[in-house]
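What follows is the content of protein.txt (compact mmCIF, C-alpha atoms and all ligand atoms).
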# COMPACT_ATOMS: atom_id res chain seq x y z
CA MET A 1 70.30 98.01 104.06
CA ALA A 2 73.30 99.89 102.89
CA HIS A 3 76.75 100.79 104.12
CA LEU A 4 79.79 102.87 103.20
CA ILE A 5 83.35 101.79 103.99
CA THR A 6 86.06 104.43 103.73
CA GLU A 7 89.79 104.43 104.45
CA VAL A 8 92.14 107.35 104.91
CA VAL A 9 95.71 106.66 103.79
CA TYR A 10 98.10 109.05 105.51
CA ARG A 11 101.64 109.68 106.70
CA GLY A 12 102.20 108.24 110.17
CA ILE A 13 102.46 110.85 112.96
CA PHE A 14 102.60 113.83 110.53
CA GLN A 15 98.97 113.29 109.51
CA LYS A 16 97.68 111.22 112.40
CA ASN A 17 95.44 113.98 113.74
CA LEU A 18 94.22 114.85 110.25
CA ALA A 19 93.18 111.25 109.50
CA SER A 20 91.45 110.93 112.82
CA ARG A 21 89.51 114.17 112.30
CA ILE A 22 88.39 112.97 108.86
CA THR A 23 87.21 109.54 109.99
CA ARG A 24 85.51 110.94 113.09
CA GLY A 25 83.97 113.67 110.94
CA ILE A 26 82.51 110.98 108.68
CA VAL A 27 80.95 109.20 111.64
CA LEU A 28 79.61 112.43 113.17
CA SER A 29 78.11 113.44 109.81
CA ALA A 30 76.49 110.03 109.43
CA ARG A 31 74.95 110.34 112.90
CA LYS A 32 73.48 113.70 111.89
CA ALA A 33 71.77 111.89 109.02
CA GLY A 34 70.41 109.18 111.33
CA ARG A 35 72.97 106.48 110.47
CA TRP A 36 75.43 104.50 112.55
CA GLY A 37 79.18 104.64 112.25
CA ILE A 38 82.57 103.79 113.71
CA ALA A 39 86.13 105.04 113.13
CA PHE A 40 89.28 103.03 113.90
CA GLY A 41 92.92 102.61 112.87
CA ARG A 42 94.87 99.71 111.36
CA TYR A 43 96.34 97.52 114.07
CA GLY A 44 99.47 96.83 112.00
CA ASP A 45 100.37 100.55 111.96
CA SER A 46 100.77 100.81 115.71
CA PRO A 47 103.00 102.27 116.99
CA GLN A 48 103.17 104.79 114.17
CA ARG A 49 106.45 105.95 112.65
CA ASN A 50 107.14 109.40 111.20
CA GLY A 51 106.08 109.38 107.57
CA VAL A 52 105.51 105.62 107.29
CA PRO A 53 102.16 105.08 105.51
CA ALA A 54 99.27 104.30 107.84
CA LYS A 55 95.49 103.84 107.54
CA ASP A 56 92.37 104.82 109.43
CA PHE A 57 88.91 103.52 108.54
CA ALA A 58 85.34 104.77 108.90
CA ILE A 59 82.30 102.54 108.43
CA VAL A 60 78.80 103.96 108.11
CA ALA A 61 75.69 101.76 108.04
CA ASP A 62 71.93 102.15 108.01
CA THR A 63 71.45 99.94 111.05
CA LYS A 64 73.39 98.98 114.17
CA GLU A 65 73.25 95.32 113.16
CA GLU A 66 74.82 96.00 109.78
CA LEU A 67 77.54 98.06 111.41
CA GLU A 68 78.34 95.25 113.84
CA GLN A 69 78.64 92.81 110.95
CA HIS A 70 81.38 94.93 109.39
CA MET A 71 83.10 95.58 112.70
CA ALA A 72 83.58 91.85 113.18
CA ARG A 73 86.37 91.91 110.57
CA TYR A 74 89.99 92.59 111.50
CA GLU A 75 90.10 95.37 108.91
CA PRO A 76 88.04 96.08 105.80
CA LYS A 77 89.03 94.13 102.70
CA GLU A 78 86.86 96.07 100.27
CA LEU A 79 86.22 99.78 100.18
CA HIS A 80 83.83 102.21 98.59
CA VAL A 81 86.14 105.20 99.08
CA THR A 82 89.89 105.62 99.59
CA ILE A 83 91.05 109.05 100.72
CA CYS A 84 94.73 109.84 100.27
CA VAL A 85 95.96 112.96 102.02
CA ASP A 86 99.48 113.03 100.52
CA ASP A 87 99.89 112.57 96.77
CA THR A 88 103.36 110.98 97.06
CA LEU A 89 101.45 107.96 98.40
CA THR A 90 100.14 107.39 94.89
CA LYS A 91 103.38 105.41 94.36
CA GLY A 92 102.04 102.80 96.77
CA VAL A 93 101.62 102.15 100.45
CA GLU A 94 104.07 100.09 102.51
CA SER A 95 103.26 99.73 106.18
CA TRP A 96 106.23 98.83 108.36
CA ALA A 97 104.50 95.55 109.23
CA TRP A 98 105.95 93.55 106.30
CA TYR A 99 102.99 94.10 103.97
CA GLY A 100 105.09 94.86 100.91
CA LEU A 101 104.03 97.67 98.60
CA GLN A 102 100.29 97.90 98.06
CA PRO A 103 98.70 99.93 95.28
CA LEU A 104 96.76 102.87 96.68
CA ASN A 105 93.60 101.69 94.91
CA ARG A 106 94.02 97.99 95.81
CA LEU A 107 90.98 97.61 98.08
CA LEU A 108 88.60 99.74 96.02
CA LEU A 109 85.44 98.05 94.80
CA PRO A 110 84.54 98.38 91.10
CA ASP A 111 83.21 101.88 90.51
CA GLY A 112 84.69 102.95 93.88
CA HIS A 113 86.18 106.36 94.52
CA LEU A 114 89.77 107.47 95.09
CA LEU A 115 90.03 110.98 96.52
CA VAL A 116 93.53 112.54 96.54
CA THR A 117 94.60 115.94 97.86
CA SER A 118 97.05 117.24 95.30
CA THR A 119 98.12 120.14 93.14
CA GLN A 120 99.03 117.74 90.34
CA ARG A 121 96.94 116.81 87.34
CA PRO A 122 95.11 113.47 87.17
CA ALA A 123 97.40 112.39 84.32
CA ASP A 124 100.47 113.00 86.52
CA LEU A 125 99.02 111.06 89.44
CA LEU A 126 98.06 108.18 87.16
CA ARG A 127 101.68 107.72 86.16
CA ASP A 128 102.18 106.45 89.71
CA ILE A 129 98.80 104.98 90.70
CA HIS A 130 98.83 101.31 89.75
CA LYS A 131 96.48 99.95 87.10
CA LYS A 132 93.37 98.27 88.39
CA ASP A 133 91.29 95.51 86.80
CA ALA A 134 88.06 97.46 87.35
CA VAL A 135 86.98 100.99 86.57
CA TYR A 136 87.08 103.41 89.50
CA ASN A 137 86.72 107.19 89.88
CA LEU A 138 89.60 109.56 90.63
CA TRP A 139 88.76 112.79 92.44
CA ILE A 140 91.29 115.52 93.11
CA LEU A 141 90.88 117.96 95.95
CA ARG A 142 93.23 120.77 95.12
CA GLY A 143 95.67 121.29 97.99
CA LYS A 144 99.08 120.38 99.33
CA ALA A 145 99.82 117.60 101.76
CA SER A 146 99.06 118.96 105.21
CA PHE A 147 101.62 117.88 107.82
CA SER A 148 101.51 118.46 111.55
CA GLY A 149 103.08 117.06 114.67
CA LEU A 150 101.55 114.93 117.39
CA TRP A 151 100.84 117.97 119.56
CA VAL A 152 100.34 120.66 116.95
CA TYR A 153 97.81 120.78 114.11
CA LYS A 154 97.95 122.89 110.98
CA GLU A 155 94.52 124.50 110.75
CA ASP A 156 94.37 124.72 106.97
CA HIS A 157 90.81 123.32 106.76
CA ILE A 158 91.88 120.25 104.84
CA GLU A 159 89.84 117.92 107.09
CA VAL A 160 86.59 119.80 106.39
CA ARG A 161 87.37 120.14 102.70
CA VAL A 162 87.71 116.35 102.51
CA LEU A 163 84.36 115.99 104.30
CA GLY A 164 82.73 118.47 101.90
CA ALA A 165 84.13 116.52 98.94
CA LEU A 166 82.76 113.28 100.40
CA ALA A 167 79.29 114.78 100.51
CA LYS A 168 79.59 115.11 96.71
CA ILE A 169 81.06 111.63 96.24
CA ALA A 170 78.69 109.70 98.53
CA PRO A 171 75.60 111.90 98.99
CA GLN A 172 73.41 108.94 99.87
CA PHE A 173 75.41 108.53 103.13
CA LEU A 174 76.80 111.99 103.85
CA THR A 175 74.55 114.86 102.85
CA LEU A 176 76.12 118.31 102.69
CA ASP A 177 73.76 119.54 105.40
CA ALA A 178 74.73 116.72 107.75
CA VAL A 179 78.44 117.33 107.07
CA CYS A 180 78.05 121.07 107.76
CA GLN A 181 76.13 120.42 110.96
CA ALA A 182 78.77 117.96 112.18
CA ILE A 183 81.57 120.43 111.42
CA ARG A 184 79.78 123.25 113.21
CA GLU A 185 79.40 121.12 116.33
CA ALA A 186 82.87 119.52 116.33
CA GLU A 187 85.33 120.93 118.88
CA TRP A 188 87.61 121.82 115.96
CA GLY A 189 84.77 123.23 113.83
CA SER A 190 83.70 126.80 113.01
CA ASP A 191 81.45 128.68 110.59
CA LEU A 192 84.49 129.45 108.45
CA LYS A 193 85.24 125.73 108.21
CA VAL A 194 81.65 125.07 107.18
CA GLU A 195 82.21 127.52 104.33
CA SER A 196 85.38 125.66 103.31
CA ALA A 197 83.48 122.37 103.25
CA ARG A 198 80.77 123.93 101.04
CA LYS A 199 83.38 125.29 98.63
CA ALA A 200 85.08 121.91 98.38
CA TYR A 201 81.68 120.33 97.66
CA GLU A 202 81.11 122.77 94.81
CA ARG A 203 84.59 122.60 93.31
CA ILE A 204 85.63 118.96 93.58
CA GLN A 205 86.08 117.26 90.23
CA GLY A 206 86.41 113.64 89.33
CA ARG A 207 86.53 111.30 86.40
CA PRO A 208 86.43 107.55 85.73
CA VAL A 209 89.74 105.74 85.32
CA PRO A 210 89.59 102.90 82.77
CA ILE A 211 91.46 99.63 83.32
CA THR A 212 93.98 100.62 80.67
CA GLU A 213 95.18 103.68 82.59
CA GLY A 214 97.77 103.68 85.36
CA ASN A 215 101.19 102.42 86.35
CA PRO A 216 101.71 98.89 84.94
CA GLU A 217 104.46 97.85 87.43
CA THR A 218 103.87 94.91 89.76
CA PRO A 219 104.47 96.10 93.33
CA TYR A 220 107.05 94.18 95.39
CA SER A 221 105.81 91.84 98.06
CA PHE A 222 107.24 89.71 100.87
CA GLU A 223 106.42 86.23 102.02
CA LEU A 224 104.94 86.57 105.49
CA PRO A 225 106.15 83.93 107.96
CA ARG A 226 103.61 81.30 109.05
CA TRP A 227 102.88 81.29 112.76
CA TRP A 228 104.91 78.10 113.27
CA GLU A 229 107.88 79.68 111.51
CA MET A 230 108.06 82.66 113.85
CA ARG A 231 110.90 82.86 116.35
CA GLU A 232 110.34 82.57 120.07
CA GLY A 233 108.65 85.68 121.51
CA VAL A 234 107.96 86.78 117.90
CA SER A 235 111.45 88.32 117.88
CA ILE A 236 112.97 89.22 114.52
CA PRO A 237 116.58 88.64 113.50
CA SER A 238 118.90 91.65 113.71
CA LEU A 239 120.60 92.84 110.53
CA PRO A 240 124.00 91.38 109.71
CA ILE A 241 126.87 93.87 109.30
CA GLY A 242 127.55 95.27 105.85
CA LYS A 243 130.40 94.71 103.41
CA PRO A 244 132.65 96.52 100.93
CA ILE A 245 131.08 97.52 97.64
CA GLU A 246 133.72 96.60 95.06
CA GLY A 247 137.41 95.68 95.08
CA GLY A 248 137.41 95.63 98.89
CA LYS A 249 136.55 99.35 98.89
CA GLY A 250 133.56 101.27 100.16
CA TYR A 251 130.94 100.03 102.61
CA ARG A 252 127.26 99.22 102.30
CA PRO A 253 125.33 98.32 105.46
CA GLU A 254 122.90 95.39 105.26
CA ARG A 255 119.28 96.53 105.03
CA SER A 256 115.93 95.08 105.93
CA GLN A 257 114.74 92.47 103.46
CA VAL A 258 111.10 92.95 104.46
CA PHE A 259 110.64 96.71 104.66
CA LYS A 260 111.92 98.92 101.86
CA LYS A 261 110.89 102.45 102.87
CA PHE A 262 110.39 103.46 99.21
CA SER A 263 106.95 104.79 100.13
CA SER A 264 107.96 106.32 103.47
CA ARG A 265 109.29 109.62 102.22
CA THR A 266 107.75 112.70 100.67
CA MET A 267 111.14 114.12 99.67
CA ARG A 268 114.52 112.63 98.89
CA PRO A 269 118.04 114.05 98.94
CA VAL A 270 119.68 114.82 95.60
CA ILE A 271 123.48 115.01 95.82
CA ASP A 272 125.97 117.03 93.83
CA PHE A 273 128.99 114.71 93.92
CA GLU A 274 131.18 117.35 92.24
CA THR A 275 130.96 119.67 95.25
CA CYS A 276 131.01 117.09 98.05
CA VAL A 277 134.07 117.53 100.30
CA LYS A 278 133.70 114.08 101.93
CA CYS A 279 133.25 115.62 105.36
CA THR A 280 131.21 112.54 106.49
CA LEU A 281 128.55 114.64 108.23
CA CYS A 282 125.61 113.27 106.22
CA TRP A 283 126.83 109.71 106.82
CA LEU A 284 127.26 110.33 110.56
CA GLN A 285 123.98 112.15 111.10
CA CYS A 286 121.54 110.23 108.92
CA PRO A 287 119.20 108.59 111.44
CA ASP A 288 118.56 105.64 109.13
CA SER A 289 122.14 104.78 108.07
CA CYS A 290 121.18 105.44 104.47
CA PHE A 291 124.52 106.50 103.14
CA ASP A 292 126.62 103.91 101.34
CA VAL A 293 130.32 104.76 101.35
CA MET A 294 131.29 104.42 97.72
CA PRO A 295 134.68 103.06 96.55
CA ASP A 296 135.93 106.62 95.83
CA GLY A 297 134.93 107.86 99.33
CA LEU A 298 131.81 109.74 98.24
CA TYR A 299 128.48 109.16 100.01
CA ASP A 300 125.43 107.84 98.16
CA ALA A 301 122.00 108.06 99.83
CA ASN A 302 120.51 104.59 99.36
CA MET A 303 116.80 104.92 98.63
CA GLU A 304 116.07 101.52 100.19
CA SER A 305 116.34 103.09 103.61
CA CYS A 306 115.85 106.85 103.19
CA CYS A 307 112.80 108.16 105.07
CA GLY A 308 113.22 111.67 103.67
CA CYS A 309 113.79 113.43 106.99
CA GLY A 310 116.10 116.10 105.52
CA VAL A 311 118.76 115.84 108.24
CA CYS A 312 121.50 115.30 105.64
CA GLU A 313 120.51 118.50 103.84
CA ALA A 314 120.50 120.40 107.12
CA VAL A 315 123.97 119.25 108.18
CA CYS A 316 125.81 119.35 104.85
CA PRO A 317 128.20 122.32 105.07
CA VAL A 318 128.48 122.83 101.30
CA HIS A 319 126.04 125.18 99.59
CA ASN A 320 123.49 123.20 97.54
CA CYS A 321 125.49 119.97 97.75
CA ILE A 322 122.45 118.13 99.17
CA THR A 323 118.99 119.33 98.18
CA MET A 324 115.74 117.75 99.31
CA VAL A 325 113.40 117.32 96.33
CA ASN A 326 109.73 116.38 96.13
CA GLU A 327 109.43 112.58 95.81
CA ALA A 328 106.76 112.98 93.13
CA VAL A 329 109.32 113.91 90.48
CA PHE A 330 111.27 110.62 90.61
CA GLU A 331 110.48 107.53 88.58
CA ASP A 332 112.81 105.02 90.24
CA ASN A 333 115.01 104.39 93.27
CA ALA A 334 118.31 103.87 91.45
CA SER A 335 121.71 104.90 92.84
CA GLN A 336 122.57 108.54 92.09
CA TRP A 337 126.28 107.80 92.45
CA GLU A 338 126.09 105.03 89.81
CA MET A 339 124.33 107.43 87.46
CA TRP A 340 127.01 110.06 88.12
CA ARG A 341 129.84 107.53 87.59
CA ARG A 342 128.36 106.37 84.27
CA ASP A 343 127.94 109.80 82.70
CA LYS A 344 128.92 112.92 84.63
CA ASP A 345 127.56 115.38 82.08
CA ALA A 346 124.20 113.65 81.89
CA TYR A 347 124.09 113.60 85.71
CA LYS A 348 124.65 117.35 85.81
CA VAL A 349 121.66 117.87 83.51
CA TRP A 350 119.54 115.46 85.59
CA LEU A 351 120.59 117.20 88.83
CA ALA A 352 119.70 120.67 87.52
CA GLU A 353 116.39 119.43 86.19
CA LYS A 354 115.44 117.79 89.49
CA ILE A 355 116.39 120.76 91.66
CA ARG A 356 115.23 123.44 89.21
CA ASP A 357 114.43 126.72 90.92
CA LYS A 358 113.38 125.02 94.15
CA ALA A 359 109.95 126.60 93.89
CA HIS A 360 108.93 123.25 92.43
CA THR A 361 110.56 121.21 95.13
CA VAL A 362 109.58 123.04 98.29
CA ARG A 363 107.69 120.75 100.57
CA SER A 364 107.55 120.11 104.26
CA HIS A 365 109.51 117.16 105.56
CA GLY A 366 108.62 117.56 109.20
CA PHE A 367 110.86 120.32 110.55
CA ARG A 368 109.14 123.42 111.78
CA TYR A 369 109.57 126.12 114.37
CA ARG A 370 107.02 127.38 116.87
CA GLY A 371 104.41 129.51 115.12
CA GLN A 372 105.46 128.48 111.59
CA TYR A 373 102.04 127.07 110.62
CA GLU A 374 100.28 130.26 111.69
CA GLU A 375 102.74 132.32 109.63
CA GLU A 376 102.24 130.10 106.59
CA LEU A 377 98.47 130.29 106.81
CA ALA A 378 98.46 134.04 107.30
CA ALA A 379 100.66 134.54 104.24
CA GLY A 380 98.83 132.59 101.57
CA GLU A 381 95.71 131.01 100.23
CA LEU A 382 94.17 128.89 102.97
CA GLU A 383 92.91 126.26 100.55
CA LEU A 384 96.44 125.52 99.39
CA GLY A 385 97.75 125.32 102.94
CA GLY A 386 99.18 128.85 102.94
CA LEU A 387 102.72 129.48 101.76
CA PRO A 388 105.56 127.12 102.54
CA VAL A 389 108.13 128.70 104.82
CA THR A 390 111.44 126.89 104.66
CA GLU A 391 113.58 129.51 106.29
CA GLY A 392 114.24 128.57 109.86
CA ILE A 393 114.85 124.88 109.24
CA PRO A 394 117.33 123.86 111.91
CA GLY A 395 120.90 123.08 110.88
CA GLU A 396 124.20 124.74 110.15
CA ASN A 397 123.19 125.35 106.58
CA ALA A 398 119.74 126.71 107.36
CA ALA A 399 120.26 130.06 105.68
CA GLU A 400 120.78 128.30 102.35
CA LYS A 401 117.58 126.32 102.49
CA GLY A 402 115.01 129.03 101.86
CA LEU A 403 113.92 130.31 98.52
CA PRO A 404 114.82 133.81 97.48
CA PRO A 405 112.21 136.22 98.89
CA GLY A 406 109.04 136.00 96.87
CA ALA A 407 110.03 132.85 94.99
CA HIS A 408 107.91 130.59 97.16
CA MET A 409 105.08 133.04 97.44
CA HIS A 410 102.70 131.17 95.23
CA GLN A 411 102.00 127.52 94.80
CA SER A 412 102.87 126.91 91.21
CA SER A 413 99.98 126.42 88.85
CA THR A 414 102.15 124.19 86.72
CA SER A 415 102.50 120.48 87.21
CA ILE A 416 105.53 119.64 89.34
CA VAL A 417 106.07 116.51 87.30
CA THR A 418 105.76 117.71 83.73
CA GLY A 419 106.14 121.46 84.16
CA VAL A 420 103.05 122.10 82.05
CA ALA A 421 100.10 124.21 83.12
CA GLU A 422 97.64 122.44 85.32
CA ALA A 423 94.02 121.98 84.36
CA PRO A 424 91.97 120.44 87.15
CA GLY A 425 90.05 117.46 85.85
CA ALA A 426 92.37 117.10 82.84
S1 LIG B 1 116.79 112.43 104.12
FE1 LIG B 1 119.01 112.22 104.39
S2 LIG B 1 119.33 112.01 106.58
FE2 LIG B 1 117.14 111.64 106.22
S3 LIG B 1 116.96 109.42 105.97
FE3 LIG B 1 117.25 110.24 103.92
S4 LIG B 1 119.45 110.17 103.56
FE4 LIG B 1 119.13 109.93 105.77
S1 LIG B 2 127.64 116.29 104.25
FE1 LIG B 2 127.75 117.08 102.17
S2 LIG B 2 129.91 117.52 101.84
FE2 LIG B 2 129.77 116.23 103.64
S3 LIG B 2 130.06 114.13 102.83
FE3 LIG B 2 127.87 114.53 102.90
S4 LIG B 2 127.38 115.29 100.86
FE4 LIG B 2 129.59 115.45 101.11

Take the structure in this file and express it as structure tokens.
Ligand code: SF4
Ligand code: SF4
Amino acid sequence: MAHLITEVVYRGIFQKNLASRITRGIVLSARKAGRWGIAFGRYGDSPQRNGVPAKDFAIVADTKEELEQHMARYEPKELHVTICVDDTLTKGVESWAWYGLQPLNRLLLPDGHLLVTSTQRPADLLRDIHKKDAVYNLWILRGKASFSGLWVYKEDHIEVRVLGALAKIAPQFLTLDAVCQAIREAEWGSDLKVESARKAYERIQGRPVPITEGNPETPYSFELPRWWEMREGVSIPSLPIGKPIEGGKGYRPERSQVFKKFSSRTMRPVIDFETCVKCTLCWLQCPDSCFDVMPDGLYDANMESCCGCGVCEAVCPVHNCITMVNEAVFEDNASQWEMWRRDKDAYKVWLAEKIRDKAHTVRSHGFRYRGQYEEELAAGELELGGLPVTEGIPGENAAEKGLPPGAHMHQSSTSIVTGVAEAPGA
């Protein structure tokens, strides 16, 4: 008797359809090879929130009885494979259901497999992935995070490429032939997608990660209330109002003590305090009340509550005053305003380095217009998700958000974190 337990870690809503295609694809492939399987989501992620990390699972077993045994659990506690479809989730996974931050590799069994879609190098990803007390294998499927909406799907073949990669990682459960057959017969399948799965199978690279490698930080956690401590109707207390920041000046709203949002965003706003005209638009429009009003009247995006939606960038009337930047290039969640107050020259250098030429920071944060995915896919390499189109983002400042023509035409072959040339498998 043998079984394979897999999870897909994804961005709520934006990757909901992707995760479900992958887990269903695993089950369909297993059926083609004469096995049994089931796909399901994590109860604690429902209802899903835009961008908030969520999980789907797929279990494959040799016999019905063995499958039923594993289905009896609320959710799997140990996994053979974790699939992560957005590499900013390597920083950790915090569901909105008070779980605290969980390392991406937390549930992996010794010698398990972590498969990440990314254009970064393993060494870059391992700066964020937490250390583990057992050796596991890291596989990188070259590609960008693929985001869609609830009713629209970006057909960049990422689901079938993941399935092809799995046939390499767990051939005893998912043979390449079975995967190809399942893809061909799926309602979203095609011969071209079968080809993509085969290519992924041939190209995927992995390597073992020793216990000495990885991010040494201890992730934050929260004490979950016992059932007898819960309030009537399982209601939760509302947030108290905020207070001034220092010397009776400024204002910082109170924030949730049990949900930090640090892992909810794929981009974050970077602010040029020298050019801010204190118009209040970012503060008024931010859907998550992220902006602290600082004692000097400037607005600081507090990373404890930023979900990375990009609204502040879209509404800011000043050219390049707010720029959304890929979350992967940040090491902490510290206040930008405090950094600026401490040393304005150093902040200027930091700001320029983070924004760079924008080619390094371009990334979808959810906005799109009708037909944008088709345009992106037609304009660039399918395997890398096409070319990012940022022109057309809604907002007064939309014209300033795109890259100069041609600048975003190729996914960089250099690491977005270190700026050095990428070598898959390095
Ligand atoms: S990206 Fe801007 S508007 Fe969106 S949550 Fe963060 S600070 Fe608020
Ligand atoms: S929208 Fe831009 S200019 Fe206006 S307060 Fe915010 S950062 Fe400053």

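The coordinates place CA of Val81 (chain A) at 23.7 Å from CA of Trp188 (chain A).
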
Return as number ranges by chain the residues of protein, DNA or RNA that approach ligand LIG 2 (chain B) to within 10 Å, with all atoms listed in the file taken into account.
A: 269-286, 291, 293, 297-301, 311-323

Store the residues picked out above in a file with C-alpha atoms, as a PDB file, in the frame of the given file.
ATOM      1  CA  PRO A 269     118.040 114.050  98.940  1.00  0.00           C
ATOM      2  CA  VAL A 270     119.680 114.820  95.600  1.00  0.00           C
ATOM      3  CA  ILE A 271     123.480 115.010  95.820  1.00  0.00           C
ATOM      4  CA  ASP A 272     125.970 117.030  93.830  1.00  0.00           C
ATOM      5  CA  PHE A 273     128.990 114.710  93.920  1.00  0.00           C
ATOM      6  CA  GLU A 274     131.180 117.350  92.240  1.00  0.00           C
ATOM      7  CA  THR A 275     130.960 119.670  95.250  1.00  0.00           C
ATOM      8  CA  CYS A 276     131.010 117.090  98.050  1.00  0.00           C
ATOM      9  CA  VAL A 277     134.070 117.530 100.300  1.00  0.00           C
ATOM     10  CA  LYS A 278     133.700 114.080 101.930  1.00  0.00           C
ATOM     11  CA  CYS A 279     133.250 115.620 105.360  1.00  0.00           C
ATOM     12  CA  THR A 280     131.210 112.540 106.490  1.00  0.00           C
ATOM     13  CA  LEU A 281     128.550 114.640 108.230  1.00  0.00           C
ATOM     14  CA  CYS A 282     125.610 113.270 106.220  1.00  0.00           C
ATOM     15  CA  TRP A 283     126.830 109.710 106.820  1.00  0.00           C
ATOM     16  CA  LEU A 284     127.260 110.330 110.560  1.00  0.00           C
ATOM     17  CA  GLN A 285     123.980 112.150 111.100  1.00  0.00           C
ATOM     18  CA  CYS A 286     121.540 110.230 108.920  1.00  0.00           C
ATOM     19  CA  PHE A 291     124.520 106.500 103.140  1.00  0.00           C
ATOM     20  CA  VAL A 293     130.320 104.760 101.350  1.00  0.00           C
ATOM     21  CA  GLY A 297     134.930 107.860  99.330  1.00  0.00           C
ATOM     22  CA  LEU A 298     131.810 109.740  98.240  1.00  0.00           C
ATOM     23  CA  TYR A 299     128.480 109.160 100.010  1.00  0.00           C
ATOM     24  CA  ASP A 300     125.430 107.840  98.160  1.00  0.00           C
ATOM     25  CA  ALA A 301     122.000 108.060  99.830  1.00  0.00           C
ATOM     26  CA  VAL A 311     118.760 115.840 108.240  1.00  0.00           C
ATOM     27  CA  CYS A 312     121.500 115.300 105.640  1.00  0.00           C
ATOM     28  CA  GLU A 313     120.510 118.500 103.840  1.00  0.00           C
ATOM     29  CA  ALA A 314     120.500 120.400 107.120  1.00  0.00           C
ATOM     30  CA  VAL A 315     123.970 119.250 108.180  1.00  0.00           C
ATOM     31  CA  CYS A 316     125.810 119.350 104.850  1.00  0.00           C
ATOM     32  CA  PRO A 317     128.200 122.320 105.070  1.00  0.00           C
ATOM     33  CA  VAL A 318     128.480 122.830 101.300  1.00  0.00           C
ATOM     34  CA  HIS A 319     126.040 125.180  99.590  1.00  0.00           C
ATOM     35  CA  ASN A 320     123.490 123.200  97.540  1.00  0.00           C
ATOM     36  CA  CYS A 321     125.490 119.970  97.750  1.00  0.00           C
ATOM     37  CA  ILE A 322     122.450 118.130  99.170  1.00  0.00           C
ATOM     38  CA  THR A 323     118.990 119.330  98.180  1.00  0.00           C
TER      39      THR A 323
END

I'd like a table as a tab-separated table: residues in region 303-340 of chain A with an atom no more than 7 Å from region 257-265 of chain A, each row giving the shortest atom pair and its distance in Å to one decimal, all atoms listed in the file counted, sorted by chain and rising residue number.
residue	atom	partner	partner_atom	distance
A:Met303	CA	A:Phe262	CA	6.6
A:Glu304	CA	A:Lys260	CA	5.2
A:Ser305	CA	A:Lys261	CA	5.5
A:Cys306	CA	A:Lys261	CA	6.6
A:Cys307	CA	A:Arg265	CA	4.8
A:Gly308	CA	A:Arg265	CA	4.7

At most 8 Å from (86.4, 117.2, 110.5), file frame, only C-alpha atoms: which residues, as an mmCIF file with C-alpha atoms, in the coordinates of the input?
data_model
loop_
_atom_site.group_PDB
_atom_site.id
_atom_site.type_symbol
_atom_site.label_atom_id
_atom_site.label_comp_id
_atom_site.auth_asym_id
_atom_site.auth_seq_id
_atom_site.Cartn_x
_atom_site.Cartn_y
_atom_site.Cartn_z
ATOM 1 C CA ARG A 21 89.510 114.170 112.300
ATOM 2 C CA ILE A 22 88.390 112.970 108.860
ATOM 3 C CA THR A 23 87.210 109.540 109.990
ATOM 4 C CA ARG A 24 85.510 110.940 113.090
ATOM 5 C CA GLY A 25 83.970 113.670 110.940
ATOM 6 C CA ILE A 26 82.510 110.980 108.680
ATOM 7 C CA GLU A 159 89.840 117.920 107.090
ATOM 8 C CA VAL A 160 86.590 119.800 106.390
ATOM 9 C CA LEU A 163 84.360 115.990 104.300
ATOM 10 C CA ALA A 182 78.770 117.960 112.180
ATOM 11 C CA ILE A 183 81.570 120.430 111.420
ATOM 12 C CA ALA A 186 82.870 119.520 116.330
ATOM 13 C CA TRP A 188 87.610 121.820 115.960
ATOM 14 C CA GLY A 189 84.770 123.230 113.830
#

Record the distance separating CA of Thr117 (chain A) and CA of Lys132 (chain A), expressed in Å with one decimal.
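Result for CA of Thr117 (chain A) versus CA of Lys132 (chain A): 20.1 Å, one decimal.
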
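Distance annotation: of A:Met324, A:Leu377, A:Ile241, A:Ala346, the residue with the minimal separation from ligand LIG 1 (chain B) is A:Met324; atom set is only C-alpha atoms and all ligand atoms.
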
Which one of A:Met339, A:Cys309, A:Ala379, A:Ala58 sits closest to ligand LIG 1 (chain B) if you count only C-alpha atoms and all ligand atoms?
A:Cys309

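Nearest residue to Thr82 (chain A), choosing from A:His70, A:Arg231, A:Lys64, A:His113 and counting all atoms listed in the file: A:His113.
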
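For the choices A:Pro295, A:Pro219, A:Pro210, A:Gly310, the atom-to-atom distance to Leu101 (chain A) is smallest for A:Pro219 when using all atoms listed in the file.
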
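Counting only C-alpha atoms, the residue from A:Glu155, A:Glu229, A:Asp345, A:Asp45 that sits nearest to Gln372 (chain A) is A:Glu155.
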
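CA of Leu125 (chain A) to CA of Ala334 (chain A) spans 20.7 Å [interatomic distance, one decimal].
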
Could you list, as a list in words, every residue within 9 Å of region 75-80 of chain A, counting only C-alpha atoms and ignoring same-chain residues fewer than 2 positions away?
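Answer for this query is Leu4, Ile5, Thr6, Glu7, Gly41, Arg42, Tyr43, Phe57, His70, Met71, Ala72, Arg73, Thr82, Arg106, Leu107, Leu108, Leu109, Pro110, Asp111, Gly112, His113 and Leu114 of chain A.
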
Restricting the calculation to all atoms listed in the file: of A:Gly149, A:Pro240, A:Pro225, A:Gly214, which residue gets closest to Ala97 (chain A)?
A:Pro225

Counting only C-alpha atoms, which residues sit no farther than 10 Å from the position (92.7, 118.8, 105.2) in the file's frame? I'd like them as a VMD selection string.
chain A and resid 15 18 to 19 21 to 22 85 117 141 143 to 147 154 to 163 383 to 385
